[in-house]
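J.: Questions regarding the structure given below will be posed in turn.
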Amino acid sequence: MKRWMIALASATALLASSAMAQEKIKIGAAPYGLNAEFMQIWAAALQEHPAVKSGEVELTVFDGRYDALVQQDQFKTMVTQKYNAIIFAPIDVDAGAAAVQSAADAGIPVIGSNTRVNSDLLTSYVGSDDTISGYLEAKTVLDKIGCKGNVVILEGPVGQSAQISRLEGNKKALAECPDVKVLEDQTANWSRAEAQTLMENWLTAHPKQINGVIGQNDEMALGAIEAIKAAGLDVKSFAIAGIDGITDALHAVKAGEMTSILQDARAQAQGALDLAIFNARKGDYKPQSDIWTTYKDMPWNDGKEKIYNVPWTPVTAENVDQLLATRK
């Protein structure tokens, strides 16, 4: 009888251990907003991650609605419901720190993705250096206008890390062209519609004076293009640049209407999810996304890096068709 009881206890313990190993992990993703294509690609990439498709991870993607208070409330929900890990793309670099603190206090690891937050409590961050993209996009505009003339700048939401860092990059490039004047510089909040309205007003206020448009994302650059076309002007007479490599921008690049730099939303999202699972499993996990083999310069390193930097890819005539093929 004693041997039988020991055997039964051992079998029960083994089954319990196996059940725990197969227990579904609950992960929440908190992007700043889902209105624009870039973050829609980001969110879709999370759903396409192998661990989500296999059922290993129960994923909830929230919509931050471009509001720091909404994001804080979503964190409260995830803390109360005891999520195992959180992926965070904050709307505000400073306001997002309170949300991270609340999760850290509850022992929930937070992985930053895409945008940054001023907090030392992030477990890891997967994104791209926005200062570099800001410099590169501005330089393409300045090179096209020969480092002279007038430009306008369409900024992202004021206070978001991408807006801050891309503007830093924009200004670094502009400093190399002291004869270029910035006629206007305002936020269009990543919005194509807001950018179109601003550009319409600027074309009226500065007739025949604007030579270049520095759009801190593709949506805003495309809004400027629509305003230029609506005014009956030749888009190709302007130097226009954006960032992200969204589908409409790829078509515009192919048409010779603008330049863009691909920000790999899929890599940022799936890389962050691999790290979220790794930390939720206390390190007992091997990454499942193929992004780690795609980017040889961004090794997994046993999931222990604080920052994983996803490289930028300039969109060119040579690679635009290949990039468009991934959107079908």
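Naming scheme: A, B, ... for chains in displayed order of the structure tokens; residues 1 onward per chain; ligands 1 onward as shown.
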Write out as a list in words each polymer residue whose atoms come within 10 Å of Ala68 in chain A, counting only C-alpha atoms; drop sequence neighbours fewer than 3 positions from it.
T.: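 Using only C-alpha atoms, the neighbours found are Tyr32, Gly64, Arg65, Gln71, Gln72, Asp73, Gln74, Pro90, Ile91, Asp92, Val93, Asp94, Ala95, Gly96, Ala98 and Ala99 of chain A.
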J.: What lies within 12 Å of Lys296 in chain A using only C-alpha atoms, ignoring chain neighbours under 3 positions off, as a short mmCIF file (atom, residue, chain, number, x, y, z; two decimals) with C-alpha atoms, in the first residue's frame?
T.:
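Wrote part-v1.cif, looks like this:
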data_model
loop_
_atom_site.label_atom_id
_atom_site.label_comp_id
_atom_site.auth_asym_id
_atom_site.auth_seq_id
_atom_site.Cartn_x
_atom_site.Cartn_y
_atom_site.Cartn_z
CA ASP A 290 12.02 34.20 -37.22
CA ILE A 291 13.06 37.83 -36.73
CA TRP A 292 16.13 36.73 -34.77
CA THR A 293 17.52 35.02 -37.88
CA PRO A 299 21.16 38.60 -31.56
CA TRP A 300 18.83 37.09 -28.96
CA ASN A 301 21.65 36.80 -26.40
CA TYR A 308 17.25 45.28 -28.84
CA ASN A 309 17.79 47.71 -31.72
CA VAL A 310 15.88 46.83 -34.91
CA PRO A 311 17.72 48.31 -37.93
#
J.: So that I can see what lies close to Gly271 in chain A, please list as a list of chain:residue names the residues with an atom at most 8 Å from it, counting only C-alpha atoms and leaving out residues fewer than 2 positions away in the same chain.
T.: A:Val126, A:Ala267, A:Gln268, A:Ala269, A:Leu273, A:Asp274, A:Leu275, A:Ser289, A:Ile291, A:Trp292
J.: From the options A:Gly215, A:Gly127, A:Gly134, A:Pro109, which residue's atoms come nearest to Glu168 in chain A, counting only C-alpha atoms?
T.: A:Gly134
J.: Closest to Phe38 in chain A among A:Thr140, A:Gln209, A:Gln196, A:Gln263, using only C-alpha atoms?
T.: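 The answer is A:Gln263, which sits nearest to Phe38 in chain A.
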J.: List every residue of range 46-263 of chain A that DSSP, applied to the backbone of this structure, assigns to alpha helix (DSSP H), and report them as JSON, numbers by chain.
T.: {"A": [46, 47, 50, 51, 52, 53, 68, 69, 70, 71, 72, 73, 74, 75, 76, 77, 78, 79, 80, 96, 97, 98, 99, 100, 101, 102, 103, 104, 105, 130, 131, 132, 133, 134, 135, 136, 137, 138, 139, 140, 141, 142, 143, 144, 161, 162, 163, 164, 165, 166, 167, 168, 169, 170, 171, 172, 173, 174, 175, 192, 193, 194, 195, 196, 197, 198, 199, 200, 201, 202, 203, 204, 205, 218, 219, 220, 221, 222, 223, 224, 225, 226, 227, 228, 229, 230, 247, 248, 249, 250, 251, 252, 253, 254]}
J.: So which residues touch Arg266 in chain A within 8 Å, counting only C-alpha atoms, skipping near sequence neighbours fewer than 6 positions away, as a list in words?
T.: Ile41, Trp42, Ala45 and Leu46 of chain A
J.: Can you write just those residues out, all heavy atoms, as a compact mmCIF listing (two decimals), in the first residue's frame?
T.:
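Dumped to result-v2.txt:
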# COMPACT_ATOMS: atom_id res chain seq x y z
N ILE A 41 -0.19 47.05 -38.35
CA ILE A 41 0.76 46.02 -38.74
C ILE A 41 1.42 45.42 -37.50
O ILE A 41 1.59 44.20 -37.39
CB ILE A 41 1.82 46.59 -39.70
CG1 ILE A 41 1.18 47.02 -41.02
CG2 ILE A 41 2.94 45.58 -39.96
CD1 ILE A 41 2.12 47.79 -41.94
N TRP A 42 1.78 46.29 -36.57
CA TRP A 42 2.41 45.87 -35.30
C TRP A 42 1.50 44.91 -34.54
O TRP A 42 1.92 43.84 -34.09
CB TRP A 42 2.71 47.13 -34.48
CG TRP A 42 3.43 46.97 -33.19
CD1 TRP A 42 4.77 47.01 -32.98
CD2 TRP A 42 2.82 46.79 -31.89
NE1 TRP A 42 5.05 46.87 -31.63
CE2 TRP A 42 3.88 46.73 -30.95
CE3 TRP A 42 1.52 46.68 -31.44
CZ2 TRP A 42 3.66 46.57 -29.58
CZ3 TRP A 42 1.28 46.51 -30.08
CH2 TRP A 42 2.35 46.46 -29.16
N ALA A 45 1.06 41.57 -36.27
CA ALA A 45 2.25 40.72 -36.13
C ALA A 45 2.23 39.96 -34.81
O ALA A 45 2.69 38.81 -34.73
CB ALA A 45 3.52 41.58 -36.24
N LEU A 46 1.71 40.58 -33.77
CA LEU A 46 1.58 39.88 -32.49
C LEU A 46 0.65 38.67 -32.63
O LEU A 46 0.93 37.58 -32.14
CB LEU A 46 1.04 40.83 -31.42
CG LEU A 46 1.96 41.95 -30.94
CD1 LEU A 46 1.22 42.87 -29.98
CD2 LEU A 46 3.21 41.38 -30.25
J.: Would you mind telling me which residue in A:Lys24, A:Lys236, A:Lys306, A:His251 lies nearest to Asp120 in chain A when using only C-alpha atoms?
T.: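 Looking at the shortest contact to Asp120 in chain A, the residue is A:Lys306.
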J.: Using only C-alpha atoms, determine which residues lie at most 12 Å from Glu194 in chain A, disregarding the query and same-chain residues fewer than 2 positions distant; provide the list as a PyMOL selection string.
T.: chain A and resi 154-157+186-192+196-201+215+219-224+226-227
J.: For Gly55 in chain A, find every residue with an atom within 10 Å (counting only C-alpha atoms), except residues of its own chain fewer than 4 positions away, and show them as number ranges by chain.
T.: A: 22-25, 50-51, 59
J.: Skip Ala43 in chain A itself and residues of its chain fewer than 5 positions away, then list as a PyMOL selection string all residues within 12 Å of it, counting only C-alpha atoms.
T.: chain A and resi 28-38+48-49+59-63+87-89+113-114+265-270+272-273
J.: Nearest to Val79 in chain A among A:Ile27, A:Gln40, A:Ala239, A:Lys53, with distances taken over only C-alpha atoms: which residue is it?
T.: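 Among A:Ile27, A:Gln40, A:Ala239, A:Lys53, it is A:Ile27 that comes nearest to Val79 in chain A.
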J.: Select, from A:Ala103, A:Ala276, A:Ile246, A:Ala138, the residue with the minimum atom-to-atom distance to Ile214 in chain A, counting only C-alpha atoms.
T.: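 Looking only at the distances to Ile214 in chain A, the closest residue turns out to be A:Ala138.
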J.: What does the structure give for the distance between CA of Ile153 in chain A and CA of Gln216 in chain A, in Å to one decimal?
T.: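 One can read the CA of Ile153 in chain A to CA of Gln216 in chain A distance as 7.6 Å.
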J.: Give the answer as one residue: which of A:Gln47, A:Asn150, A:Thr77, A:Thr115 has the shortest atom-to-atom distance to Ser128 in chain A, using only C-alpha atoms?
T.: A:Thr115
J.: For CA of Ile111 in chain A and CA of Ala249 in chain A, determine how far apart the two atoms are, in Å to one decimal place.
T.: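 About the pair CA of Ile111 in chain A and CA of Ala249 in chain A: they are 28.8 Å apart.
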